[in-house]
Structure formats: C-alpha cells, structure tokens
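Trainee: What follows is run.txt; its format and atoms are compact mmCIF, C-alpha atoms.
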# COMPACT_ATOMS: atom_id res chain seq x y z
CA MET L 184 19.77 15.43 7.99
CA GLU L 185 23.40 14.46 8.56
CA ALA L 186 23.05 10.78 7.79
CA VAL L 187 20.36 8.59 6.36
CA VAL L 188 21.05 4.93 5.83
CA PRO L 189 17.71 3.10 5.69
CA LYS L 190 17.57 -0.18 3.79
CA LEU L 191 14.22 0.17 2.07
CA ALA L 192 13.57 -1.16 -1.38
CA SER L 193 13.78 2.13 -3.27
CA PHE L 194 15.85 4.45 -1.15
CA THR L 195 19.11 2.97 0.02
CA PHE L 196 22.53 4.03 -1.09
CA LEU L 197 24.07 2.11 -3.95
CA ASN L 198 26.98 -0.13 -3.09
CA PRO L 199 29.39 0.36 -6.01
CA ASN L 200 30.68 -3.17 -5.50
CA SER L 201 27.24 -4.80 -5.83
CA THR L 202 26.44 -6.78 -8.95
CA LEU L 203 23.19 -7.22 -10.81
CA ARG L 204 22.15 -10.04 -13.09
CA ARG L 205 19.21 -9.32 -15.36
CA PHE L 206 17.11 -11.61 -17.47
CA SER L 207 14.62 -11.27 -20.26
CA SER L 208 11.09 -12.54 -19.95
CA PRO L 209 8.05 -12.27 -22.20
CA SER L 210 6.48 -9.70 -19.90
CA SER L 211 9.44 -7.53 -18.96
CA SER L 212 12.85 -6.86 -20.42
CA SER L 213 14.40 -5.20 -17.40
CA CYS L 214 13.36 -7.07 -14.29
CA LEU L 215 15.71 -7.83 -11.45
CA CYS L 216 16.95 -11.35 -10.85
CA LEU L 217 18.53 -12.01 -7.47
CA SER L 218 21.26 -14.61 -7.76
CA SER L 219 22.89 -16.48 -4.92
CA SER L 220 26.10 -14.49 -5.41
CA THR L 221 24.28 -11.30 -4.38
CA ASP L 222 22.30 -12.68 -1.46
CA ALA L 223 24.59 -10.92 1.04
CA VAL L 224 23.82 -7.54 -0.57
CA SER L 225 20.66 -5.82 0.63
CA LEU L 226 17.62 -5.75 -1.62
CA GLY L 227 17.74 -1.97 -1.42
CA HIS L 228 21.29 -1.89 -2.78
CA LEU L 229 20.33 -4.26 -5.56
CA THR L 230 17.28 -2.34 -6.73
CA ARG L 231 18.49 1.25 -6.39
CA PRO L 232 20.17 1.26 -9.86
CA ASP L 233 16.79 0.46 -11.42
CA PHE L 234 15.39 3.88 -10.45
CA PRO L 235 16.77 6.67 -12.68
CA ILE L 236 15.43 9.46 -10.48
CA LEU L 237 17.76 8.32 -7.68
CA HIS L 238 20.84 8.76 -9.86
CA GLN L 239 20.97 12.50 -9.27
CA GLN L 240 22.77 14.56 -6.67
CA VAL L 241 20.98 17.17 -4.57
CA ASN L 242 21.92 19.86 -2.06
CA GLY L 243 25.38 20.19 -3.49
CA SER L 244 26.91 16.78 -4.01
CA LYS L 245 24.71 14.47 -1.95
CA LYS L 246 23.00 11.43 -3.41
CA LEU L 247 19.25 11.74 -3.53
CA VAL L 248 17.56 9.60 -0.86
CA TYR L 249 13.79 9.33 -1.22
CA LEU L 250 11.79 8.49 1.91
CA ASP L 251 8.21 9.28 0.88
CA ASN L 252 7.19 5.97 -0.67
CA ALA L 253 4.09 5.77 1.49
CA ALA L 254 2.82 8.85 -0.40
CA THR L 255 4.04 7.82 -3.86
CA SER L 256 6.77 5.51 -5.08
CA GLN L 257 9.45 6.13 -7.67
CA LYS L 258 9.40 4.27 -10.97
CA PRO L 259 11.92 1.69 -12.20
CA ILE L 260 13.34 1.99 -15.70
CA SER L 261 11.22 -0.93 -16.91
CA VAL L 262 8.04 1.04 -16.16
CA LEU L 263 9.37 4.16 -17.86
CA LYS L 264 10.33 2.13 -20.93
CA ALA L 265 6.93 0.44 -21.04
CA LEU L 266 5.23 3.85 -21.09
CA GLN L 267 7.57 5.13 -23.78
CA ASN L 268 7.13 2.00 -25.88
CA TYR L 269 3.34 2.21 -25.68
CA TYR L 270 3.24 5.78 -26.93
CA GLU L 271 5.91 5.17 -29.55
CA ALA L 272 4.60 1.88 -30.92
CA HIS L 273 0.98 1.15 -29.90
CA ASN L 274 -0.82 4.39 -29.06
CA SER L 275 -4.48 4.09 -30.05
CA ASN L 276 -7.91 3.88 -28.49
CA VAL L 277 -9.04 0.54 -27.12
CA HIS L 278 -12.05 -1.69 -27.80
CA ARG L 279 -13.25 0.54 -30.64
CA GLY L 280 -11.24 -0.24 -33.75
CA ILE L 281 -10.21 -3.18 -35.89
CA HIS L 282 -7.01 -1.62 -37.23
CA TYR L 283 -3.59 -2.83 -36.08
CA LEU L 284 -2.81 -0.15 -33.51
CA SER L 285 -6.22 -0.36 -31.84
CA ALA L 286 -5.98 -4.14 -31.65
CA LYS L 287 -2.48 -3.92 -30.19
CA ALA L 288 -3.42 -1.23 -27.65
CA THR L 289 -6.46 -3.28 -26.60
CA GLU L 290 -4.29 -6.35 -26.19
CA GLU L 291 -1.81 -4.47 -23.98
CA TYR L 292 -4.58 -2.85 -21.93
CA GLU L 293 -6.36 -6.12 -21.23
CA LEU L 294 -3.05 -7.87 -20.53
CA ALA L 295 -2.45 -5.30 -17.78
CA ARG L 296 -5.84 -6.17 -16.30
CA LYS L 297 -4.90 -9.85 -16.30
CA LYS L 298 -1.61 -9.03 -14.57
CA VAL L 299 -3.45 -7.16 -11.79
CA ALA L 300 -5.86 -10.06 -11.38
CA ALA L 301 -3.01 -12.56 -11.09
CA PHE L 302 -1.06 -10.29 -8.73
CA ILE L 303 -3.86 -10.25 -6.15
CA ASN L 304 -5.18 -13.72 -7.05
CA ALA L 305 -8.58 -12.65 -8.34
CA SER L 306 -10.54 -15.52 -9.85
CA ASP L 307 -11.00 -13.69 -13.16
CA SER L 308 -9.80 -10.46 -14.75
CA ILE L 309 -13.43 -9.30 -15.12
CA GLU L 310 -13.28 -8.64 -11.36
CA ILE L 311 -10.70 -5.86 -11.95
CA VAL L 312 -11.99 -2.38 -12.75
CA PHE L 313 -9.45 0.27 -13.71
CA THR L 314 -10.04 3.62 -12.03
CA ARG L 315 -8.18 6.93 -11.76
CA ASN L 316 -6.86 6.00 -8.32
CA ALA L 317 -7.95 4.24 -5.13
CA THR L 318 -10.04 7.28 -4.16
CA GLU L 319 -12.14 6.93 -7.30
CA ALA L 320 -12.41 3.18 -6.70
CA ILE L 321 -13.89 3.79 -3.23
CA ASN L 322 -16.24 6.41 -4.63
CA LEU L 323 -17.34 3.94 -7.29
CA VAL L 324 -18.38 1.46 -4.60
CA ALA L 325 -20.01 4.19 -2.49
CA TYR L 326 -22.12 5.59 -5.33
CA SER L 327 -22.87 2.39 -7.22
CA TRP L 328 -23.16 -0.27 -4.52
CA GLY L 329 -23.80 2.08 -1.60
CA LEU L 330 -26.66 4.15 -3.01
CA SER L 331 -28.31 0.99 -4.34
CA ASN L 332 -28.04 -1.12 -1.21
CA LEU L 333 -28.02 1.16 1.83
CA LYS L 334 -31.16 2.42 3.49
CA SER L 335 -32.09 4.42 6.56
CA GLY L 336 -30.76 2.85 9.75
CA ASP L 337 -28.17 0.66 8.07
CA GLU L 338 -24.69 0.91 9.56
CA ILE L 339 -21.27 1.36 7.97
CA VAL L 340 -18.32 0.54 10.23
CA LEU L 341 -15.01 2.37 9.72
CA SER L 342 -12.02 3.12 11.91
CA ILE L 343 -10.95 6.61 12.89
CA ALA L 344 -7.58 5.77 11.33
CA GLU L 345 -8.88 5.52 7.77
CA HIS L 346 -7.64 7.78 4.99
CA HIS L 347 -10.00 10.64 4.15
CA SER L 348 -10.71 8.96 0.82
CA ALA L 349 -12.19 6.03 2.75
CA ILE L 350 -14.30 8.24 5.03
CA VAL L 351 -15.72 11.12 2.97
CA PRO L 352 -17.43 8.99 0.27
CA TRP L 353 -19.29 7.09 2.97
CA GLN L 354 -20.27 10.31 4.72
CA ILE L 355 -21.87 11.39 1.44
CA ALA L 356 -23.52 8.00 0.94
CA ALA L 357 -24.87 8.08 4.50
CA GLN L 358 -26.31 11.56 3.98
CA LYS L 359 -28.08 10.40 0.82
CA THR L 360 -29.41 7.11 2.20
CA GLY L 361 -29.93 7.72 5.91
CA ALA L 362 -27.32 5.12 6.82
CA VAL L 363 -25.29 5.59 10.01
CA LEU L 364 -21.50 5.67 10.27
CA LYS L 365 -20.01 3.78 13.22
CA PHE L 366 -16.37 4.59 14.01
CA LEU L 367 -13.94 2.16 15.56
CA ASP L 368 -11.40 3.76 17.89
CA ILE L 369 -7.75 2.73 18.26
CA ASN L 370 -6.41 0.87 21.28
CA GLU L 371 -3.33 1.46 23.44
CA ASP L 372 -1.15 -0.02 20.68
CA GLU L 373 -2.54 2.71 18.40
CA VAL L 374 -4.21 0.29 16.02
CA PRO L 375 -7.95 -0.27 15.44
CA ASP L 376 -9.42 -2.00 18.47
CA LEU L 377 -10.54 -5.35 17.10
CA THR L 378 -12.31 -6.29 20.33
CA LYS L 379 -14.49 -3.22 19.93
CA LEU L 380 -14.97 -4.06 16.26
CA ARG L 381 -16.68 -7.32 17.13
CA GLU L 382 -18.93 -5.42 19.52
CA LEU L 383 -19.87 -2.91 16.81
CA LEU L 384 -20.87 -5.56 14.28
CA SER L 385 -24.57 -6.44 14.17
CA ARG L 386 -27.29 -7.33 11.71
CA LYS L 387 -27.60 -3.61 11.05
CA THR L 388 -24.03 -3.57 9.71
CA LYS L 389 -24.06 -3.57 5.93
CA LEU L 390 -20.43 -2.64 5.20
CA VAL L 391 -17.07 -2.62 6.95
CA VAL L 392 -14.38 -0.32 5.51
CA LEU L 393 -10.84 -0.82 6.84
CA HIS L 394 -7.24 -0.44 5.73
CA HIS L 395 -5.21 -3.62 5.35
CA VAL L 396 -1.98 -1.90 6.35
CA SER L 397 -1.34 1.49 7.97
CA ASN L 398 1.96 3.22 7.29
CA VAL L 399 1.86 5.17 10.58
CA LEU L 400 0.04 3.04 13.15
CA GLY L 401 1.77 0.37 15.22
CA ARG L 402 0.84 -3.17 16.21
CA GLY L 403 2.15 -5.29 19.05
CA LYS L 404 2.95 -8.55 17.27
CA SER L 405 6.32 -8.83 15.61
CA GLU L 406 5.18 -11.38 13.05
CA ASP L 407 2.74 -8.82 11.66
CA LEU L 408 5.32 -6.07 11.25
CA GLY L 409 6.53 -4.62 7.97
CA VAL L 410 8.22 -1.47 6.69
CA PHE L 411 5.85 0.93 5.02
CA GLY L 412 6.82 4.53 5.93
CA PHE L 413 7.57 6.65 8.94
CA ARG L 414 7.47 10.02 10.66
CA LEU L 415 10.15 11.64 12.82
CA TRP L 416 9.45 13.15 16.24
CA ARG L 417 11.36 15.26 18.84
CA VAL L 418 11.95 13.54 22.16
CA GLU L 419 13.31 13.92 25.66
CA GLU L 420 16.39 12.31 27.20
CA GLU L 421 15.06 9.38 29.16
CA ASP L 422 14.73 5.62 29.22
CA TRP L 423 18.16 5.08 27.68
CA LYS L 424 19.36 2.37 30.00
CA VAL L 425 16.59 0.08 28.72
CA ALA L 426 17.66 0.50 25.10
CA ARG L 427 20.68 -1.81 25.07
CA ARG L 428 19.43 -4.27 22.51
CA ILE L 429 18.36 -1.85 19.80
CA GLU L 430 17.99 -4.54 17.15
CA LYS L 431 15.04 -5.93 19.10
CA MET L 432 13.14 -2.66 19.00
CA ARG L 433 10.30 -1.44 16.84
CA PHE L 434 9.43 2.15 15.96
CA LEU L 435 5.63 2.15 15.88
CA GLY L 436 3.21 5.03 15.61
CA GLY L 437 5.44 7.56 17.36
CA ARG L 438 6.77 5.27 20.09
CA LEU L 439 9.68 2.91 20.47
CA TRP L 440 8.96 -0.68 21.44
CA ARG L 441 11.24 -3.41 22.76
CA ARG L 442 10.47 -7.10 22.65
CA LYS L 443 10.44 -8.63 26.11
CA LYS L 444 9.68 -12.33 26.13
CA ASN L 445 6.23 -12.66 24.53
CA HIS L 446 5.16 -9.05 24.39
CA LEU L 447 6.34 -5.59 23.39
CA VAL L 448 7.25 -2.96 25.99
CA ARG L 449 6.72 0.68 25.02
CA TYR L 450 9.31 3.40 25.65
CA LYS L 451 9.88 6.97 24.60
CA ILE L 452 11.09 7.67 21.10
CA VAL L 453 14.86 7.58 20.98
CA SER L 454 17.23 10.57 20.92
CA THR L 455 20.96 10.24 21.48
CA PRO L 456 24.06 12.32 22.19
CA ARG L 457 25.91 13.80 19.23
CA ASN L 458 28.78 11.45 19.90
CA HIS L 459 26.77 8.26 19.53
CA GLY L 460 29.63 6.51 17.74
CA GLY L 461 27.38 5.52 14.87
CA LEU L 462 26.10 2.33 16.49
CA GLY L 463 23.79 1.56 19.38
CA LEU L 464 23.37 3.39 22.67
CA ALA L 465 26.06 1.77 24.79
CA ASN L 466 27.90 5.07 25.29
CA PHE L 467 24.81 7.06 26.22
CA LYS L 468 25.28 9.75 28.86
CA ARG L 469 22.89 12.42 30.05
CA GLY L 470 23.62 16.11 29.79
CA ARG L 471 25.12 15.91 26.28
CA PRO L 472 23.97 17.69 23.10
CA TRP L 473 21.11 15.77 21.47
CA LYS L 474 20.11 14.66 18.04
CA LEU L 475 17.34 12.37 16.82
CA TYR L 476 18.64 8.86 16.34
CA ILE L 477 16.67 5.76 15.55
CA GLU L 478 17.99 2.28 14.84
CA GLY L 479 15.92 -0.85 14.58
CA ASN L 480 12.94 -2.09 12.59
CA LEU L 481 10.48 0.41 11.23
CA ALA L 482 7.03 -1.13 11.31
CA ALA L 483 3.41 -0.71 10.41
CA SER L 484 0.22 -2.35 11.54
CA VAL L 485 -1.20 -5.20 9.49
CA LEU L 486 -4.79 -5.97 10.34
CA PRO L 487 -5.91 -9.64 10.38
CA MET L 488 -8.20 -9.02 7.44
CA GLU L 489 -9.20 -12.63 6.91
CA GLU L 490 -10.61 -12.77 10.44
CA ILE L 491 -12.30 -9.39 10.08
CA VAL L 492 -13.95 -10.44 6.82
CA ASN L 493 -15.22 -13.60 8.48
CA TRP L 494 -16.71 -11.62 11.39
CA ALA L 495 -18.41 -9.23 8.98
CA HIS L 496 -19.80 -11.98 6.79
CA ASN L 497 -21.22 -13.70 9.85
CA VAL L 498 -23.58 -10.74 10.33
CA GLY L 499 -24.30 -10.38 6.61
CA ALA L 500 -22.03 -7.38 5.99
CA LYS L 501 -19.75 -6.73 3.02
CA VAL L 502 -16.11 -5.66 3.44
CA LEU L 503 -14.12 -3.08 1.50
CA VAL L 504 -10.36 -3.34 2.01
CA ASP L 505 -8.09 -0.33 1.45
CA ALA L 506 -4.97 -2.15 0.26
CA CYS L 507 -2.96 0.84 -0.95
CA GLN L 508 -0.22 0.21 1.64
CA SER L 509 -0.29 -3.60 1.54
CA VAL L 510 -0.31 -4.49 -2.17
CA PRO L 511 3.15 -2.90 -2.78
CA HIS L 512 4.79 -4.60 0.21
CA MET L 513 3.39 -8.08 0.69
CA GLY L 514 1.49 -10.78 -1.10
CA VAL L 515 -2.24 -10.05 -1.14
CA ASP L 516 -4.70 -12.83 -1.97
CA VAL L 517 -8.24 -11.55 -2.39
CA GLN L 518 -9.67 -15.05 -2.55
CA GLY L 519 -7.85 -16.00 0.63
CA LEU L 520 -9.09 -12.84 2.34
CA ASP L 521 -12.58 -13.40 0.89
CA ALA L 522 -12.83 -9.62 0.53
CA ASP L 523 -15.90 -8.28 -1.28
CA PHE L 524 -14.12 -5.17 -2.53
CA LEU L 525 -10.45 -4.15 -2.50
CA VAL L 526 -8.80 -1.00 -3.82
CA ALA L 527 -5.20 -0.01 -4.56
CA SER L 528 -3.20 2.64 -6.43
CA SER L 529 -0.59 2.12 -9.12
CA HIS L 530 1.59 5.03 -8.05
CA LYS L 531 2.32 3.44 -4.65
CA MET L 532 3.53 0.20 -6.23
CA CYS L 533 6.16 1.59 -8.64
CA GLY L 534 3.59 2.26 -11.36
CA PRO L 535 2.41 5.49 -13.01
CA THR L 536 0.08 8.03 -11.45
CA GLY L 537 -3.43 8.40 -12.83
CA ILE L 538 -4.53 4.80 -12.48
CA GLY L 539 -5.71 2.52 -9.71
CA PHE L 540 -8.01 -0.44 -9.53
CA LEU L 541 -11.05 -1.85 -7.83
CA TYR L 542 -11.41 -5.55 -7.19
CA GLY L 543 -14.99 -6.66 -6.71
CA LYS L 544 -16.54 -10.09 -6.53
CA SER L 545 -18.14 -10.77 -9.90
CA ASP L 546 -21.66 -11.25 -8.54
CA LEU L 547 -21.50 -7.90 -6.74
CA LEU L 548 -20.16 -6.02 -9.76
CA SER L 549 -22.78 -7.60 -12.03
CA ALA L 550 -25.57 -6.32 -9.77
CA MET L 551 -24.21 -2.78 -9.50
CA PRO L 552 -25.42 0.09 -11.73
CA PRO L 553 -22.94 2.28 -13.64
CA PHE L 554 -20.95 4.90 -11.80
CA LEU L 555 -20.42 7.20 -14.81
CA GLY L 556 -22.19 7.37 -18.16
CA GLY L 557 -20.65 7.66 -21.61
CA GLY L 558 -18.90 5.68 -24.25
CA GLU L 559 -17.49 2.21 -23.59
CA MET L 560 -19.82 1.42 -20.68
CA ILE L 561 -22.89 0.89 -22.86
CA SER L 562 -24.33 -2.06 -24.73
CA ASP L 563 -27.01 -0.26 -26.77
CA VAL L 564 -28.11 3.36 -26.81
CA PHE L 565 -31.63 4.45 -27.71
CA LEU L 566 -33.13 7.91 -27.56
CA ASP L 567 -35.13 7.16 -24.44
CA HIS L 568 -32.84 4.69 -22.64
CA SER L 569 -29.61 2.75 -22.78
CA THR L 570 -28.49 -0.73 -21.82
CA TYR L 571 -25.18 -1.25 -20.13
CA ALA L 572 -22.15 -3.41 -20.77
CA ASP L 573 -21.07 -6.17 -18.43
CA PRO L 574 -18.36 -5.45 -15.85
CA PRO L 575 -15.68 -4.28 -15.94
CA SER L 576 -16.56 -2.14 -19.00
CA ARG L 577 -19.73 -0.94 -17.25
CA PHE L 578 -17.56 1.02 -14.83
CA GLU L 579 -14.96 2.35 -17.29
CA ALA L 580 -16.80 5.11 -19.13
CA GLY L 581 -14.83 7.03 -21.75
CA THR L 582 -11.29 6.57 -22.98
CA PRO L 583 -9.34 4.95 -20.16
CA ALA L 584 -5.77 5.61 -19.01
CA ILE L 585 -4.33 3.10 -21.47
CA GLY L 586 -0.64 3.96 -21.21
CA GLU L 587 -0.89 4.11 -17.43
CA ALA L 588 -2.47 0.65 -17.35
CA VAL L 589 0.41 -0.68 -19.44
CA GLY L 590 2.83 0.97 -17.01
CA LEU L 591 1.03 -0.62 -14.06
CA GLY L 592 1.43 -3.98 -15.75
CA ALA L 593 5.15 -3.34 -16.08
CA ALA L 594 5.36 -2.40 -12.39
CA ILE L 595 3.70 -5.69 -11.48
CA ASP L 596 6.25 -7.51 -13.64
CA TYR L 597 9.03 -5.73 -11.79
CA LEU L 598 7.71 -6.52 -8.30
CA SER L 599 6.86 -10.09 -9.27
CA ALA L 600 10.37 -10.71 -10.61
CA ILE L 601 11.79 -9.79 -7.21
CA GLY L 602 9.03 -11.71 -5.42
CA MET L 603 6.52 -10.22 -3.00
CA GLN L 604 7.42 -12.67 -0.26
CA ARG L 605 11.06 -11.69 -0.54
CA ILE L 606 10.14 -8.00 -0.49
CA HIS L 607 8.00 -8.50 2.61
CA GLU L 608 10.64 -10.54 4.45
CA TYR L 609 13.28 -7.96 3.61
CA GLU L 610 11.16 -5.09 4.89
CA VAL L 611 10.19 -6.88 8.09
CA GLY L 612 13.85 -7.46 8.94
CA CYS L 613 15.07 -4.16 7.56
CA PRO L 614 17.44 -2.20 9.82
CA PHE L 615 17.86 1.54 9.50
CA VAL L 616 19.79 4.39 11.06
CA ILE L 617 18.66 8.01 11.02
CA SER L 618 20.37 10.95 12.70
CA ALA L 619 19.32 14.55 12.45
Would you mind writing the file out in structure tokens?
Mentor:
Amino acid sequence: MEAVVPKLASFTFLNPNSTLRRFSSPSSSSCLCLSSSTDAVSLGHLTRPDFPILHQQVNGSKKLVYLDNAATSQKPISVLKALQNYYEAHNSNVHRGIHYLSAKATEEYELARKKVAAFINASDSIEIVFTRNATEAINLVAYSWGLSNLKSGDEIVLSIAEHHSAIVPWQIAAQKTGAVLKFLDINEDEVPDLTKLRELLSRKTKLVVLHHVSNVLGRGKSEDLGVFGFRLWRVEEEDWKVARRIEKMRFLGGRLWRRKKNHLVRYKIVSTPRNHGGLGLANFKRGRPWKLYIEGNLAASVLPMEEIVNWAHNVGAKVLVDACQSVPHMGVDVQGLDADFLVASSHKMCGPTGIGFLYGKSDLLSAMPPFLGGGEMISDVFLDHSTYADPPSRFEAGTPAIGEAVGLGAAIDYLSAIGMQRIHEYEVGCPFVISA
C-alpha cells in the first residue's frame, strides 16, 4: 500500500511533536493520562508510543502500521512489564500454598478477576470465570448449561453472522440433546434482521446467542457506529458525483454509505484516480488510472443488546452475548444489558493471549455442573465420588493461566486510564485515508 493514515487507537503514525504526560497509580505504573494540552492530538498519536512492537521499521525503512486489531491487538508496555514482573517476582501456583509467593500470586490473580468484574460492571467477581479464550467460554456454557438444560425440541436462536466459535459448540449441543438451531438472517443493511428475530422467539426458545458488535457488518444508524476493523475490496468507477461530502460517509460491510437527512444511502465502494490530490473526490474524472481510496468513518454494527435480552427474557430464554469486539472498544455493562452470559478475549483488548473470561449470573453458574474435572475445582474427593467447589473455582480445573490473568488486569488498567467512553467517541468519529 502506498499510504495508510488511519487514526485508530493502536495503529496511527506517531507525531514527533506530540507530548505525553504519565502518572502513577496503585494499579498501573505506565498508564496514559490525556491532558488538556494534548486534546488536539489524536488518541492514536498519543497511544502509539506505548506499543513497543510498533517502534520497528519494515519493508525497508517504513514504519510498521498494524491493521489487524479485530483479530488480535498489540500489547502496551504496561502489559509487557506486568507479565515480566509476575514471573520475576511472584511466580507460584495459586490457592494451594501458604508461603509468600503463593499468597502473592493468588492475590494478583484474584485482583485481576476483580478488575474484569469492575470493567464490565458485574455485581461480584464470583461471576467471572477465567477461560483459555472466548471460544472455551462458549464451550463451557454449551457443555455445562446446555447439556443440563436443553432437551429435544428446544430451540437455540443464532444469527448466520456469528463466529464459528459461537455456532459449532451449539451444533454439538443440539446433536447431543435433540435441540433445534434457528438461524437469523441478515437484512439489506447486512446486519441481523431484528424484526425476524422477534418472529423467531417463542416459548420453545431456550437460548439466544448473538454478537454484541461485528467488525465486518454494517448498520444504518450513525449513533450506533464505531471503528472495529475493516476489509478492502476492488470496485468499479461509478457513483462519484454523489461522493462530494466524504466526511459524511460510512464504510459498512463492503459498501459505502452517505448520510442523507435521517437515513443512510448506499453507494458502491469508492475507488479514485491516481491523481486524487490526497483529499476528497472533487477532482474526480472518469477514464483515469484507478486505485482504491477510502476516506470517512469506518464502522461496525452494534446490536441493541438490551432490547434483545428483554425480548428473549419475555419468552423465558437465556442470552449469551459474544462481546469480543465490543469490550475493547466501548463501555459494556452486563447489569445494564441484563445478559445471562457474556464472553470476551484478553488478546483483543490489549492483553495477553491464552486467557479469556466468561461472565455468568451467579444463580446460573451455581446451578451448572463442572465443565472439566481435576484439581482446584473440587471441594472433597472420595474414591467413589467428589464434591465440587463453588463458582468460579468449579469451572477452573487445574493450574490456571496466572501470568496471563495478571496481564489482562494490566490491560484493563491501561484502557481504563484512557477511558472507554473516550475510546468509543474517538473511534466513532475517526477519519482515515487508505490508498492502494
């Protein structure tokens, strides 16, 4: 690509004239503080120095620009230091020893759980179960809650836009229980058709599984838009005369949209002449050499999850929310959503790989059987049977990913220091230019 200048939180170019002011807090020693003197500088420019991996040059002498945050995010120095400090100073097993290192490791591990709970506004940290990733969290619900509560003829509602990790576990659960999967299609805006969703819901519905945010699907309400990832497409030379006010456009799900009064009008994806002048499309002419060129707000669909949960609860169904693409980019309040289950991954929110979490309402978790057997998840073990620990330990068999949990806690400190509302507002209004 000849030029990439997106203003996203972890992959914009550093402005050498920007200034950073840091502060120390009990939970993090290297979090970003945004002072009024730097308000004019983009959040991307301010945070880029915090990510060591972006300080390298690639393909000769070009600065590394990372655009794959929807798949996995890069890690700020505070997270890397938290991991290093854990292994250098506190490495030990948790919940199993009374010596200093075990007590310290347990303290750090449980502190990370409390940070996750506070980050998503869970009522108590016992509602947070650490898992390997969001995929394992969904499987935990499918095998533990699903196999215990689903029976032949029960219905599970999903959309065709769900990640495979949110579909396959329920296919397996349906095969084992005789439950039926009902799939919600997408509408002309290329988002799950919520009108059809209400029609699908019935007393047979026992579970609704939906993503909170999609990083590739578009939605036709500007107030619900945010920046979460994108894909590039080849296009034809047409519809240019309608693209005068590029700043009012949205790139959604493979189409370009323009706000017109109270609705969005869809056009072809944009491609411009080589001599586009760097800004806008005012000098567009047909019959010139072409290159891909997009300028405007990159957006993703945000489903009205609070409404969806209410519809599901009205027919007696539970709701599992895939929040992998929402938790890193906006404030998520599980009590406000009234979600029964919610899953997310550390590695998509500036934390380490190898750890994710499941939020579950305490009454649901308490009624669920173990997912895996082994140490840590037991209360007493006899030769002919065992009794099980209370949640969340019941679902965390074996030695957990302790260092990764500590790193996730540090990532939450980092995001919280910036402020999730500020991150979301920045991404919603984020301009970008891409030419290829």
Trainee: Choose the residue, out of L:Leu266, L:Ala593, L:Ala301, L:Val611, that has the smallest atom-to-atom separation from L:Ser484; count all atoms listed in the file.
Mentor: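 Of all the options, L:Val611 lies closest to L:Ser484.
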Trainee: In Å, rounded to a single decimal, give me how far atom CA of L:Ala349 is from atom CA of L:Ile491.
Mentor: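 So the two atoms, atom CA of L:Ile491 and atom CA of L:Ala349, lie 17.1 Å apart.
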Trainee: Do you know which residues lie at most 6 Å from (-0.7, -4.2, 3.3), with coordinates as in the file and only C-alpha atoms counted, and could you write them as an MDAnalysis selection string?
Mentor: chainID L and resid 395:396 506 508:510
Trainee: Please provide as a ChimeraX atom specification all residues within 8 Å of L:Leu364, with the sequence filter that same-chain residues fewer than 6 positions apart are discarded (counting only C-alpha atoms).
Mentor: /L:338-341,353-354,357
Trainee: Would you please work out which residue, of L:Asn276, L:Gln518, L:Asn316, L:Ser385, is nearest to L:Asn304 when using only C-alpha atoms?
Mentor: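 Checking each candidate against L:Asn304, we get L:Gln518 as the closest.
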Trainee: Would you please work out which residue, of L:Ile309, L:Ala265, L:Ile355, L:Ala522, is nearest to L:Val504 when using only C-alpha atoms?
Mentor: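 With only C-alpha atoms as the atom set, the closest residue is L:Ala522.
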Trainee: Taking all atoms listed in the file into account, which of L:Val526, L:Cys533, L:Leu367, L:Ile561 comes nearest L:Asp233?
Mentor: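 Closest to L:Asp233 of all the choices is L:Cys533.
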Trainee: Please provide the set of residues having any atom within 10 Å of L:Asp521, restricted to only C-alpha atoms, with same-chain residues fewer than 5 positions apart removed, written as a PyMOL selection string.
Mentor: chain L and resi 488-490+492-493+496+502+516+544
Trainee: Could you check how far atom CA of L:Ile585 sits from atom CA of L:Glu310, in Å to one decimal?
Mentor: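 Computed distance, atom CA of L:Ile585 to atom CA of L:Glu310, equals 17.9 Å.
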Trainee: Between atom CA of L:Pro375 and atom CA of L:Arg605, measure the distance and give it in Å to one decimal.
Mentor: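 Those two atoms sit 27.3 Å apart.
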Trainee: Calculated over only C-alpha atoms, which of the candidates L:Ala572, L:Val498, L:Met532, L:Leu250 has the smallest distance to L:Tyr597?
Mentor: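 For L:Tyr597, the nearest of the given residues is L:Met532.
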